[in-house]
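The data block below is run_28.txt; it holds compact mmCIF, C-alpha atoms.
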```
# COMPACT_ATOMS: atom_id res chain seq x y z
CA MET N 1 -2.33 13.76 -29.57
CA THR N 2 -2.95 17.35 -30.60
CA SER N 3 -2.16 20.11 -28.14
CA SER N 4 -5.87 20.57 -27.42
CA SER N 5 -6.44 16.84 -26.81
CA THR N 6 -3.34 16.71 -24.61
CA SER N 7 -4.72 19.60 -22.60
CA SER N 8 -8.10 17.86 -22.22
CA VAL N 9 -6.38 14.67 -21.02
CA PHE N 10 -4.48 16.60 -18.34
CA SER N 11 -7.61 18.47 -17.33
CA ALA N 12 -9.62 15.26 -16.97
CA LEU N 13 -6.98 13.01 -15.44
CA ALA N 14 -4.92 15.39 -13.27
CA PRO N 15 -7.34 14.85 -10.32
CA TYR N 16 -6.50 11.14 -10.59
CA GLY N 17 -2.73 11.67 -10.51
CA TRP N 18 -1.84 12.14 -14.19
CA ASP N 19 1.38 14.09 -14.72
CA GLU N 20 4.01 14.68 -17.38
CA ALA N 21 5.96 11.57 -16.42
CA TRP N 22 2.87 9.43 -17.09
CA ALA N 23 2.30 11.33 -20.32
CA ASP N 24 5.83 10.46 -21.43
CA GLU N 25 5.22 6.78 -20.63
CA PHE N 26 2.04 6.85 -22.69
CA ALA N 27 3.58 8.67 -25.68
CA PRO N 28 4.44 5.49 -27.69
CA TYR N 29 0.74 4.55 -27.77
CA GLU N 30 -0.53 7.91 -29.03
CA PRO N 31 -0.11 7.15 -32.77
CA GLU N 32 -2.50 4.19 -32.41
CA GLY N 33 -5.27 6.42 -31.11
CA LEU N 34 -5.37 4.57 -27.77
CA LEU N 35 -6.57 6.25 -24.58
CA PRO N 36 -4.83 6.59 -21.20
CA GLY N 37 -6.92 6.07 -18.11
CA ARG N 38 -6.69 5.06 -14.46
CA VAL N 39 -8.20 1.80 -13.25
CA VAL N 40 -10.75 2.54 -10.53
CA ARG N 41 -12.06 -1.00 -10.08
CA VAL N 42 -11.33 -4.54 -11.31
CA ASP N 43 -13.74 -7.46 -11.08
CA ARG N 44 -14.33 -10.72 -12.96
CA GLY N 45 -12.11 -10.05 -15.92
CA GLN N 46 -13.35 -6.53 -16.50
CA CYS N 47 -12.53 -3.12 -15.11
CA ASP N 48 -13.79 0.44 -14.82
CA ILE N 49 -11.35 3.05 -16.13
CA VAL N 50 -11.61 6.82 -15.85
CA THR N 51 -10.46 8.52 -19.07
CA ALA N 52 -10.76 11.92 -20.72
CA ASP N 53 -13.87 10.48 -22.42
CA GLY N 54 -15.43 9.57 -19.07
CA LEU N 55 -15.76 6.30 -17.17
CA LEU N 56 -15.33 3.28 -19.46
CA ARG N 57 -15.91 -0.43 -18.96
CA ALA N 58 -13.21 -2.62 -20.53
CA ASP N 59 -12.17 -6.25 -20.79
CA THR N 60 -8.81 -7.27 -19.28
CA ALA N 61 -8.27 -10.43 -21.36
CA PHE N 62 -5.12 -9.00 -22.99
CA VAL N 63 -3.50 -8.25 -19.61
CA THR N 64 -4.14 -11.47 -17.70
CA PRO N 65 -0.73 -13.24 -17.80
CA ASN N 66 0.26 -16.37 -15.89
CA ASP N 67 2.32 -14.24 -13.51
CA PRO N 68 -0.10 -12.91 -10.84
CA MET N 69 2.34 -10.06 -10.15
CA ARG N 70 1.53 -8.60 -13.58
CA VAL N 71 -2.27 -8.69 -13.63
CA LEU N 72 -4.18 -5.41 -13.91
CA CYS N 73 -5.13 -3.91 -10.55
CA THR N 74 -6.75 -0.83 -9.04
CA GLY N 75 -4.48 2.18 -9.38
CA ASP N 76 -2.85 1.07 -12.63
CA TRP N 77 -2.63 3.50 -15.55
CA ALA N 78 -4.15 1.56 -18.43
CA VAL N 79 -3.86 1.84 -22.19
CA VAL N 80 -7.38 1.24 -23.49
CA GLU N 81 -9.02 1.03 -26.90
CA PRO N 82 -11.12 4.11 -27.82
CA ALA N 83 -14.03 1.96 -29.04
CA GLY N 84 -15.21 -1.60 -29.45
CA ASN N 85 -17.71 -4.08 -28.10
CA PRO N 86 -16.17 -5.35 -25.99
CA ARG N 87 -13.54 -2.68 -25.52
CA TYR N 88 -10.14 -4.01 -24.40
CA VAL N 89 -7.28 -2.86 -22.21
CA ARG N 90 -4.14 -3.32 -24.31
CA THR N 91 -1.61 -2.97 -21.50
CA TYR N 92 -0.76 -0.79 -18.50
CA LEU N 93 2.03 1.69 -17.92
CA PRO N 94 5.02 0.61 -15.79
CA ARG N 95 4.16 0.84 -12.10
CA ARG N 96 5.92 3.26 -9.79
CA THR N 97 4.96 1.33 -6.66
CA ALA N 98 2.89 -1.74 -5.84
CA PHE N 99 1.48 -3.07 -2.59
CA VAL N 100 1.92 -6.87 -2.65
CA ARG N 101 1.07 -9.58 -0.15
CA SER N 102 1.40 -13.35 -0.41
CA THR N 103 -1.77 -15.33 -1.02
CA SER N 104 -2.97 -18.28 1.02
CA SER N 105 -2.17 -20.44 -2.01
CA LYS N 106 0.27 -23.30 -1.44
CA ARG N 107 2.03 -22.11 -4.60
CA SER N 108 3.36 -19.08 -2.70
CA GLU N 109 2.05 -16.51 -5.14
CA GLY N 110 2.00 -12.77 -4.68
CA GLN N 111 -1.19 -10.72 -4.91
CA ILE N 112 -1.08 -7.06 -5.91
CA LEU N 113 -3.61 -5.05 -3.91
CA ALA N 114 -2.97 -1.59 -5.33
CA ALA N 115 -0.56 0.14 -7.72
CA ASN N 116 1.06 3.56 -7.98
CA VAL N 117 0.42 4.45 -4.34
CA ASP N 118 2.20 7.30 -2.52
CA HIS N 119 0.82 6.75 1.00
CA ALA N 120 -0.17 3.46 2.64
CA ILE N 121 -2.61 4.29 5.42
CA VAL N 122 -2.81 1.49 7.99
CA ALA N 123 -6.10 1.88 9.86
CA VAL N 124 -6.12 0.41 13.38
CA SER N 125 -9.19 0.45 15.61
CA LEU N 126 -8.90 1.65 19.20
CA ALA N 127 -12.12 -0.23 19.97
CA VAL N 128 -10.09 -3.40 20.59
CA GLU N 129 -6.71 -4.26 22.10
CA LEU N 130 -3.82 -3.20 19.89
CA ASP N 131 -2.15 -6.00 17.95
CA LEU N 132 1.34 -4.55 17.57
CA GLY N 133 2.59 -7.57 15.65
CA ARG N 134 -0.05 -7.11 12.98
CA ILE N 135 0.78 -3.42 12.70
CA GLU N 136 4.43 -4.34 12.13
CA ARG N 137 3.38 -6.80 9.42
CA PHE N 138 1.31 -4.17 7.58
CA LEU N 139 4.15 -1.67 7.85
CA ALA N 140 6.69 -4.12 6.41
CA LEU N 141 4.52 -4.56 3.31
CA ALA N 142 3.87 -0.83 3.10
CA TRP N 143 7.57 0.09 3.24
CA GLU N 144 8.41 -2.62 0.70
CA SER N 145 5.81 -1.25 -1.71
CA GLY N 146 7.72 2.00 -2.06
CA ALA N 147 4.92 4.04 -0.44
CA GLN N 148 5.17 6.10 2.75
CA PRO N 149 3.27 4.35 5.58
CA VAL N 150 0.97 6.24 7.92
CA VAL N 151 -0.73 4.62 10.92
CA VAL N 152 -4.19 5.99 11.68
CA LEU N 153 -5.69 5.01 15.03
CA THR N 154 -9.44 5.19 14.45
CA LYS N 155 -12.36 5.52 16.87
CA ALA N 156 -10.34 7.72 19.22
CA ASP N 157 -13.62 8.86 20.80
CA LEU N 158 -13.80 5.41 22.46
CA VAL N 159 -10.70 6.29 24.54
CA PRO N 160 -11.80 9.44 26.35
CA ASP N 161 -8.95 9.36 28.87
CA ALA N 162 -6.10 11.47 27.45
CA VAL N 163 -3.40 9.65 29.43
CA THR N 164 -4.54 6.24 28.20
CA LEU N 165 -4.71 7.49 24.62
CA SER N 166 -1.21 8.95 24.92
CA HIS N 167 0.16 5.60 26.09
CA LEU N 168 -1.50 3.78 23.18
CA VAL N 169 -0.02 6.24 20.70
CA GLN N 170 3.40 5.84 22.30
CA ASP N 171 3.16 2.04 21.98
CA VAL N 172 2.41 2.34 18.28
CA GLU N 173 5.14 4.94 17.71
CA THR N 174 7.65 2.55 19.27
CA THR N 175 6.37 -0.14 16.93
CA ALA N 176 6.52 2.13 13.89
CA PRO N 177 9.81 4.08 13.84
CA GLY N 178 9.83 6.79 11.19
CA VAL N 179 6.08 6.49 10.58
CA PRO N 180 3.53 9.23 11.36
CA VAL N 181 0.91 8.03 13.86
CA LEU N 182 -2.41 9.90 13.82
CA THR N 183 -5.46 9.56 16.06
CA VAL N 184 -8.80 10.29 14.45
CA SER N 185 -12.48 10.08 15.23
CA ALA N 186 -15.01 10.15 12.42
CA LEU N 187 -17.67 10.76 15.07
CA ASP N 188 -16.40 14.11 16.36
CA GLY N 189 -13.90 15.01 13.62
CA GLU N 190 -10.79 14.80 15.80
CA GLY N 191 -7.57 14.59 13.77
CA LEU N 192 -9.30 14.53 10.40
CA ASP N 193 -7.74 17.81 9.25
CA VAL N 194 -4.27 16.27 9.51
CA LEU N 195 -5.37 13.15 7.65
CA VAL N 196 -6.95 15.25 4.89
CA ALA N 197 -3.65 17.09 4.46
CA VAL N 198 -1.80 13.77 4.13
CA VAL N 199 -4.11 12.24 1.51
CA SER N 200 -4.33 15.42 -0.56
CA GLY N 201 -0.79 14.88 -1.81
CA GLY N 202 -0.95 11.94 -4.23
CA THR N 203 -2.57 8.50 -4.10
CA SER N 204 -3.33 6.82 -0.78
CA VAL N 205 -4.49 3.27 -0.08
CA LEU N 206 -6.53 2.39 3.03
CA LEU N 207 -5.46 -0.88 4.63
CA GLY N 208 -6.52 -2.76 7.73
CA GLN N 209 -8.69 -5.48 9.18
CA SER N 210 -12.47 -5.55 8.97
CA GLY N 211 -13.93 -3.24 11.58
CA ALA N 212 -10.94 -0.88 11.53
CA GLY N 213 -13.15 1.93 10.25
CA LYS N 214 -11.72 2.19 6.73
CA SER N 215 -15.04 2.71 4.94
CA THR N 216 -16.14 5.29 7.51
CA LEU N 217 -12.87 7.15 6.98
CA ALA N 218 -13.35 6.95 3.22
CA ASN N 219 -16.83 8.45 3.50
CA VAL N 220 -15.56 11.32 5.64
CA LEU N 221 -12.70 12.07 3.26
CA ILE N 222 -14.95 11.89 0.21
CA GLY N 223 -17.68 13.95 1.87
CA GLU N 224 -20.51 11.53 1.13
CA ASP N 225 -21.62 7.99 1.97
CA THR N 226 -19.98 6.32 -1.00
CA MET N 227 -18.76 3.23 0.84
CA ALA N 228 -21.16 0.97 2.71
CA VAL N 229 -20.67 0.86 6.46
CA ARG N 230 -21.97 -1.69 8.95
CA ALA N 231 -21.89 -1.66 12.71
CA THR N 232 -18.98 -3.35 14.44
CA ARG N 233 -19.77 -6.34 16.65
CA ASP N 234 -19.66 -5.33 20.30
CA ALA N 235 -18.22 -8.67 21.43
CA ASP N 236 -14.90 -8.54 19.64
CA GLY N 237 -14.77 -5.21 17.81
CA LYS N 238 -14.67 -6.93 14.44
CA GLY N 239 -16.65 -5.78 11.47
CA ARG N 240 -17.98 -7.43 8.37
CA HIS N 241 -16.49 -7.00 4.92
CA THR N 242 -18.47 -3.97 3.81
CA THR N 243 -15.97 -3.25 1.03
CA THR N 244 -15.63 -6.25 -1.29
CA THR N 245 -13.52 -4.76 -4.08
CA ARG N 246 -10.74 -2.20 -4.30
CA ASN N 247 -12.17 1.16 -5.37
CA LEU N 248 -10.29 4.28 -6.47
CA LEU N 249 -11.89 7.66 -5.79
CA ALA N 250 -10.78 11.25 -6.43
CA LEU N 251 -11.07 13.36 -3.27
CA PRO N 252 -12.71 16.80 -3.30
CA GLY N 253 -9.76 18.37 -1.48
CA GLY N 254 -7.21 16.85 -3.85
CA GLY N 255 -5.56 13.46 -3.93
CA VAL N 256 -6.83 9.98 -4.72
CA LEU N 257 -8.01 7.28 -2.32
CA ILE N 258 -8.09 3.50 -2.81
CA ASP N 259 -10.29 1.69 -0.31
CA THR N 260 -9.68 -2.03 0.15
CA PRO N 261 -11.61 -4.92 1.71
CA GLY N 262 -10.65 -5.87 5.26
CA LEU N 263 -7.58 -8.09 5.15
CA ARG N 264 -7.69 -11.21 7.32
CA GLY N 265 -4.37 -12.53 6.06
CA VAL N 266 -1.35 -10.29 5.60
CA GLY N 267 1.44 -12.56 4.40
CA LEU N 268 4.84 -11.12 3.55
CA TRP N 269 6.03 -11.23 -0.04
CA ASP N 270 9.77 -10.76 -0.59
CA ALA N 271 9.75 -7.92 1.94
CA GLU N 272 13.28 -7.97 3.35
CA THR N 273 13.79 -4.23 2.90
CA GLY N 274 10.39 -3.48 4.44
CA VAL N 275 11.09 -5.65 7.50
CA GLY N 276 14.43 -3.91 7.92
CA GLN N 277 12.76 -0.49 7.94
CA VAL N 278 10.11 -1.55 10.47
CA PHE N 279 12.80 -2.84 12.80
CA SER N 280 15.40 -0.21 11.98
CA GLU N 281 16.57 0.05 15.59
CA ILE N 282 17.36 -3.69 15.68
CA GLU N 283 19.29 -3.52 12.43
CA GLU N 284 21.20 -0.52 13.76
CA LEU N 285 22.07 -2.40 16.95
CA ALA N 286 23.10 -5.46 14.91
CA ARG N 287 25.86 -3.41 13.27
CA ARG N 288 27.54 -3.20 16.68
CA CYS N 289 27.51 -6.96 17.28
CA ARG N 290 30.87 -8.71 17.46
CA PHE N 291 29.96 -11.07 14.61
CA HIS N 292 28.54 -9.74 11.34
CA ASP N 293 26.29 -12.82 11.02
CA CYS N 294 25.10 -12.70 14.63
CA ALA N 295 21.73 -14.42 15.09
CA HIS N 296 21.07 -12.55 18.36
CA GLU N 297 20.48 -15.81 20.21
CA SER N 298 23.37 -16.43 22.59
CA GLU N 299 26.43 -15.07 20.79
CA PRO N 300 29.02 -13.19 22.86
CA GLU N 301 29.08 -9.38 22.63
CA CYS N 302 25.67 -9.25 20.92
CA ALA N 303 24.51 -5.63 20.96
CA VAL N 304 20.88 -6.64 20.39
CA LEU N 305 20.76 -8.94 23.43
CA ALA N 306 22.57 -6.32 25.47
CA ALA N 307 19.87 -3.80 24.53
CA ILE N 308 17.19 -6.22 25.74
CA ASP N 309 19.03 -6.79 29.04
CA SER N 310 19.29 -3.02 29.58
CA GLY N 311 15.63 -2.44 28.73
CA GLU N 312 16.50 -0.34 25.68
CA LEU N 313 14.83 -2.86 23.35
CA PRO N 314 11.56 -4.66 24.21
CA GLU N 315 11.92 -8.42 23.87
CA ARG N 316 8.61 -8.50 22.01
CA ARG N 317 10.19 -6.47 19.19
CA LEU N 318 13.02 -8.97 18.71
CA GLU N 319 10.58 -11.91 18.73
CA SER N 320 8.43 -10.20 16.10
CA TYR N 321 11.52 -9.36 14.02
CA ARG N 322 12.66 -12.99 14.08
CA LYS N 323 9.21 -14.21 13.09
CA LEU N 324 8.89 -11.90 10.08
CA ILE N 325 12.46 -12.57 8.93
CA ARG N 326 11.85 -16.35 9.02
CA GLU N 327 8.55 -16.00 7.19
CA ASN N 328 10.07 -13.83 4.50
CA GLN N 329 12.99 -16.23 4.02
CA ARG N 330 10.56 -19.10 3.47
CA ILE N 331 8.68 -17.13 0.82
CA VAL N 332 11.85 -16.07 -0.96
CA ALA N 333 13.11 -19.65 -0.98
CA LYS N 334 9.97 -20.72 -2.85
CA THR N 335 10.00 -17.98 -5.48
CA ASP N 336 12.23 -16.42 -8.09
CA ALA N 337 13.64 -13.79 -5.77
CA ARG N 338 15.92 -12.33 -8.43
CA LEU N 339 13.02 -11.57 -10.77
CA ARG N 340 10.93 -10.09 -7.97
CA SER N 341 13.86 -7.93 -6.91
CA GLU N 342 14.30 -6.61 -10.43
CA ILE N 343 10.60 -5.73 -10.65
CA ARG N 344 10.73 -3.85 -7.34
CA LYS N 345 13.88 -1.96 -8.31
CA GLU N 346 12.17 -0.81 -11.49
CA TRP N 347 9.05 0.28 -9.53
CA LYS N 348 11.17 2.30 -7.11
CA LYS N 349 13.24 3.87 -9.89
CA ARG N 350 10.14 4.94 -11.79
CA GLY N 351 8.52 6.12 -8.59
CA ALA N 352 11.43 8.43 -7.85
CA GLN N 353 11.36 9.76 -11.40
CA GLY N 354 7.60 10.31 -11.33
CA LYS N 355 7.62 12.09 -7.99
CA ALA N 356 10.44 14.36 -9.14
CA ALA N 357 8.51 15.25 -12.28
CA MET N 358 5.34 15.86 -10.27
CA GLU N 359 7.14 18.22 -7.90
CA ALA N 360 8.79 20.07 -10.78
CA LYS N 361 5.51 20.59 -12.59
CA ARG N 362 3.22 20.98 -9.59
CA GLY N 363 0.73 23.74 -10.25
CA ARG N 364 1.22 23.81 -13.99
CA TRP N 365 -1.98 21.86 -14.57
CA ALA N 366 -3.84 23.17 -11.55
```

Rendering of file as C-alpha cells:
Amino acid sequence: MTSSSTSSVFSALAPYGWDEAWADEFAPYEPEGLLPGRVVRVDRGQCDIVTADGLLRADTAFVTPNDPMRVLCTGDWAVVEPAGNPRYVRTYLPRRTAFVRSTSSKRSEGQILAANVDHAIVAVSLAVELDLGRIERFLALAWESGAQPVVVLTKADLVPDAVTLSHLVQDVETTAPGVPVLTVSALDGEGLDVLVAVVSGGTSVLLGQSGAGKSTLANVLIGEDTMAVRATRDADGKGRHTTTTRNLLALPGGGVLIDTPGLRGVGLWDAETGVGQVFSEIEELARRCRFHDCAHESEPECAVLAAIDSGELPERRLESYRKLIRENQRIVAKTDARLRSEIRKEWKKRGAQGKAAMEAKRGRWA
C-alpha cells in the first residue's frame, strides 16, 4: 500500500480495532491488492466485512475447512478480494483470542462464537434467581478465550432494596474471583457509565441467556435501537431469541461490541485453564493438601475439605468445580487436545503482542 492508502485504512478501520500489529500481519497480502477488513456478521456461507472501501458482502467458500475451529466468525480480520462477483474472502489473520464452546453434536466439536475479543461481558438478569453454576461456566469459557471477563448484573431496578442487591452482588463476587461485577439498569441508567468505560477499550462480546438484557444493553451502548428487543416473560424471566446472529458494531464512545444470540447450552471446550481461574481459591487450597493428586474426597490432610469444614469454602463451589473438571476431561478425551492447546497458545501469544503494540501506539491514529 502507498502511504496515503495506508493512512486511509487506519482512518477507516481504527474504530473497529485496527492497529499496527494487525497491519504487520496483513503486510504479506498487500502486493496482491487484497483488502483488510473486520467481519461484522456471518450467515449462510457469506459475510459482511467493514473495509476502507465501506461495507462489503463476500463469500466464505475459501475459508470453510473441515475443522470447525477454523471457520470464519464475527470479529475476525479478513483478507478479502477488492472486486468480483461474487467477491471472496481469501483467508483471515491469525486470531489473538477466540471464545469457543462445545456444540451439542455427538462428535464433540467446538464452535467459535467470536474472535479477537478483549472483554467477555457475561450478562445476568436480576429478574430471576441467580444461577451461580451457569455464571461459573460462562466465566470458565471467558477466561479460556484469553479475554478479560466482566459480569454485568442487569435489571438492577427490579431489586430496589439496597441490602438485598448488595447480598446478590456479594454472591456473584464470591463466584467470580478476580472478575469485576457491575450492576446496571438500562431503565434508569444506573451503572452504565462504568460499563461504557469498560467497553471503550477494545472489543467486547456480550454473552448470556435469552432474557438477560443483552440487546437492551447493546442499544444503550450504541445510542440507538439497533438490536431488536422483546419483552421478557413474567412467569420465568426468560426472553426470546431477539438476536439470531452475532453482530459487530463500533461504539460512538470508542470500542467495538459483538452481540450474540442467547445461549441455551454453554458446554466447555478444552477449558482446563479457564476452570482453574474460576476456582482459583480451590486450586490454591489444593497446593496445601498432603497428596499432590488429592481428589478432595476423603483423603487425609486435605486442605480443601478442611476449608469446607471450617466454612471458608462453600460446598457448592467444590461440587461445581468437580462437575466442570469432569465435563472438561470428557471433552478433552474425545478430541485432539494437543492441537487445541497449540492453537490456544498461539492465540494468547498473538494477543499479548497485539495488546502491547496497541498500548505503545495508542493515540497515534486517534

### Message
With distances taken over all atoms listed in the file, which residue among N:Leu34, N:Leu318, N:Ala186, N:Val278 lies nearest N:Gln148?
### Response
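That would be N:Val278, the residue with the smallest distance to N:Gln148.
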
### Task
Check the smallest atom-to-atom distance from each of N:Met69, N:Ala115, N:Val159, N:Leu206 to N:Thr260 using all atoms listed in the file, then report the winner.
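Nearest candidate to N:Thr260 out of N:Met69, N:Ala115, N:Val159, N:Leu206: N:Leu206.
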
### Among the residues N:Asp188, N:Glu312, N:Asp67, N:Glu81, the one that comes closest to N:Glu30 [using only C-alpha atoms]
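Of N:Asp188, N:Glu312, N:Asp67, N:Glu81, the one nearest N:Glu30 is N:Glu81, counting only C-alpha atoms.
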
### Task
Would you work out the distance separating atom CA of N:Asp48 from atom CA of N:Pro94, expressed in Å to one decimal?
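Value for the atom CA of N:Asp48-atom CA of N:Pro94 distance: 18.8 Å.
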
### Task
Write out as a VMD selection string the residues lying within 10 Å of stretch 283-298 of chain N, counting all atoms listed in the file and excluding same-chain residues fewer than 6 positions away.
chain N and resid 275 to 277 304 to 307 313 318 321 to 322

### Task
Kindly indicate which residue among N:Val163, N:Ala271, N:Ala156, N:Val151 lies nearest to N:Val198, using only C-alpha atoms for the distances.
N:Val151

#### Entry: Point-to-point distance in Å for atom CA of N:Leu13 and atom CA of N:Val39
11.5 Å

### Of the listed residues N:Val117, N:Leu268, N:Val122, N:Ala147, that which approaches N:Ser204 most closely, counting all atoms listed in the file
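Ranking N:Val117, N:Leu268, N:Val122, N:Ala147 by distance to N:Ser204, first place goes to N:Val117.
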
### Task
Can you pull out every residue within 12 Å of N:Val179, counting all atoms listed in the file, but drop anything in the same chain fewer than 5 positions away, and send it as a PyMOL selection string?
chain N and resi 119-122+135-136+139-140+142-143+147-152+169+172-174+277-280

### Task
Counting only C-alpha atoms, figure out which residue out of N:Lys214, N:Ile282, N:Glu315, N:Val332 gets nearest to N:Ala303.
N:Ile282

### Query
Separation of atom CA of N:Thr97 and atom CA of N:Gly146, in Å?
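Between atom CA of N:Thr97 and atom CA of N:Gly146 the gap is 5.4 Å.
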
### Exercise: N:Glu190 partners within 12 Å, all atoms listed in the file, chain neighbours under 6 positions left out, as a ChimeraX atom specification
/N:152-158,160,182-184,196,217,220

### Task
Kindly provide, as JSON, numbers by chain, the polymer residues lying within 10 Å of (8.2, -14.4, 5.2), counting only C-alpha atoms and using the coordinates exactly as they appear in the file.
{"N": [102, 137, 267, 268, 269, 270, 271, 272, 275, 323, 324, 325, 326, 327, 328, 329, 330, 331, 332, 333]}
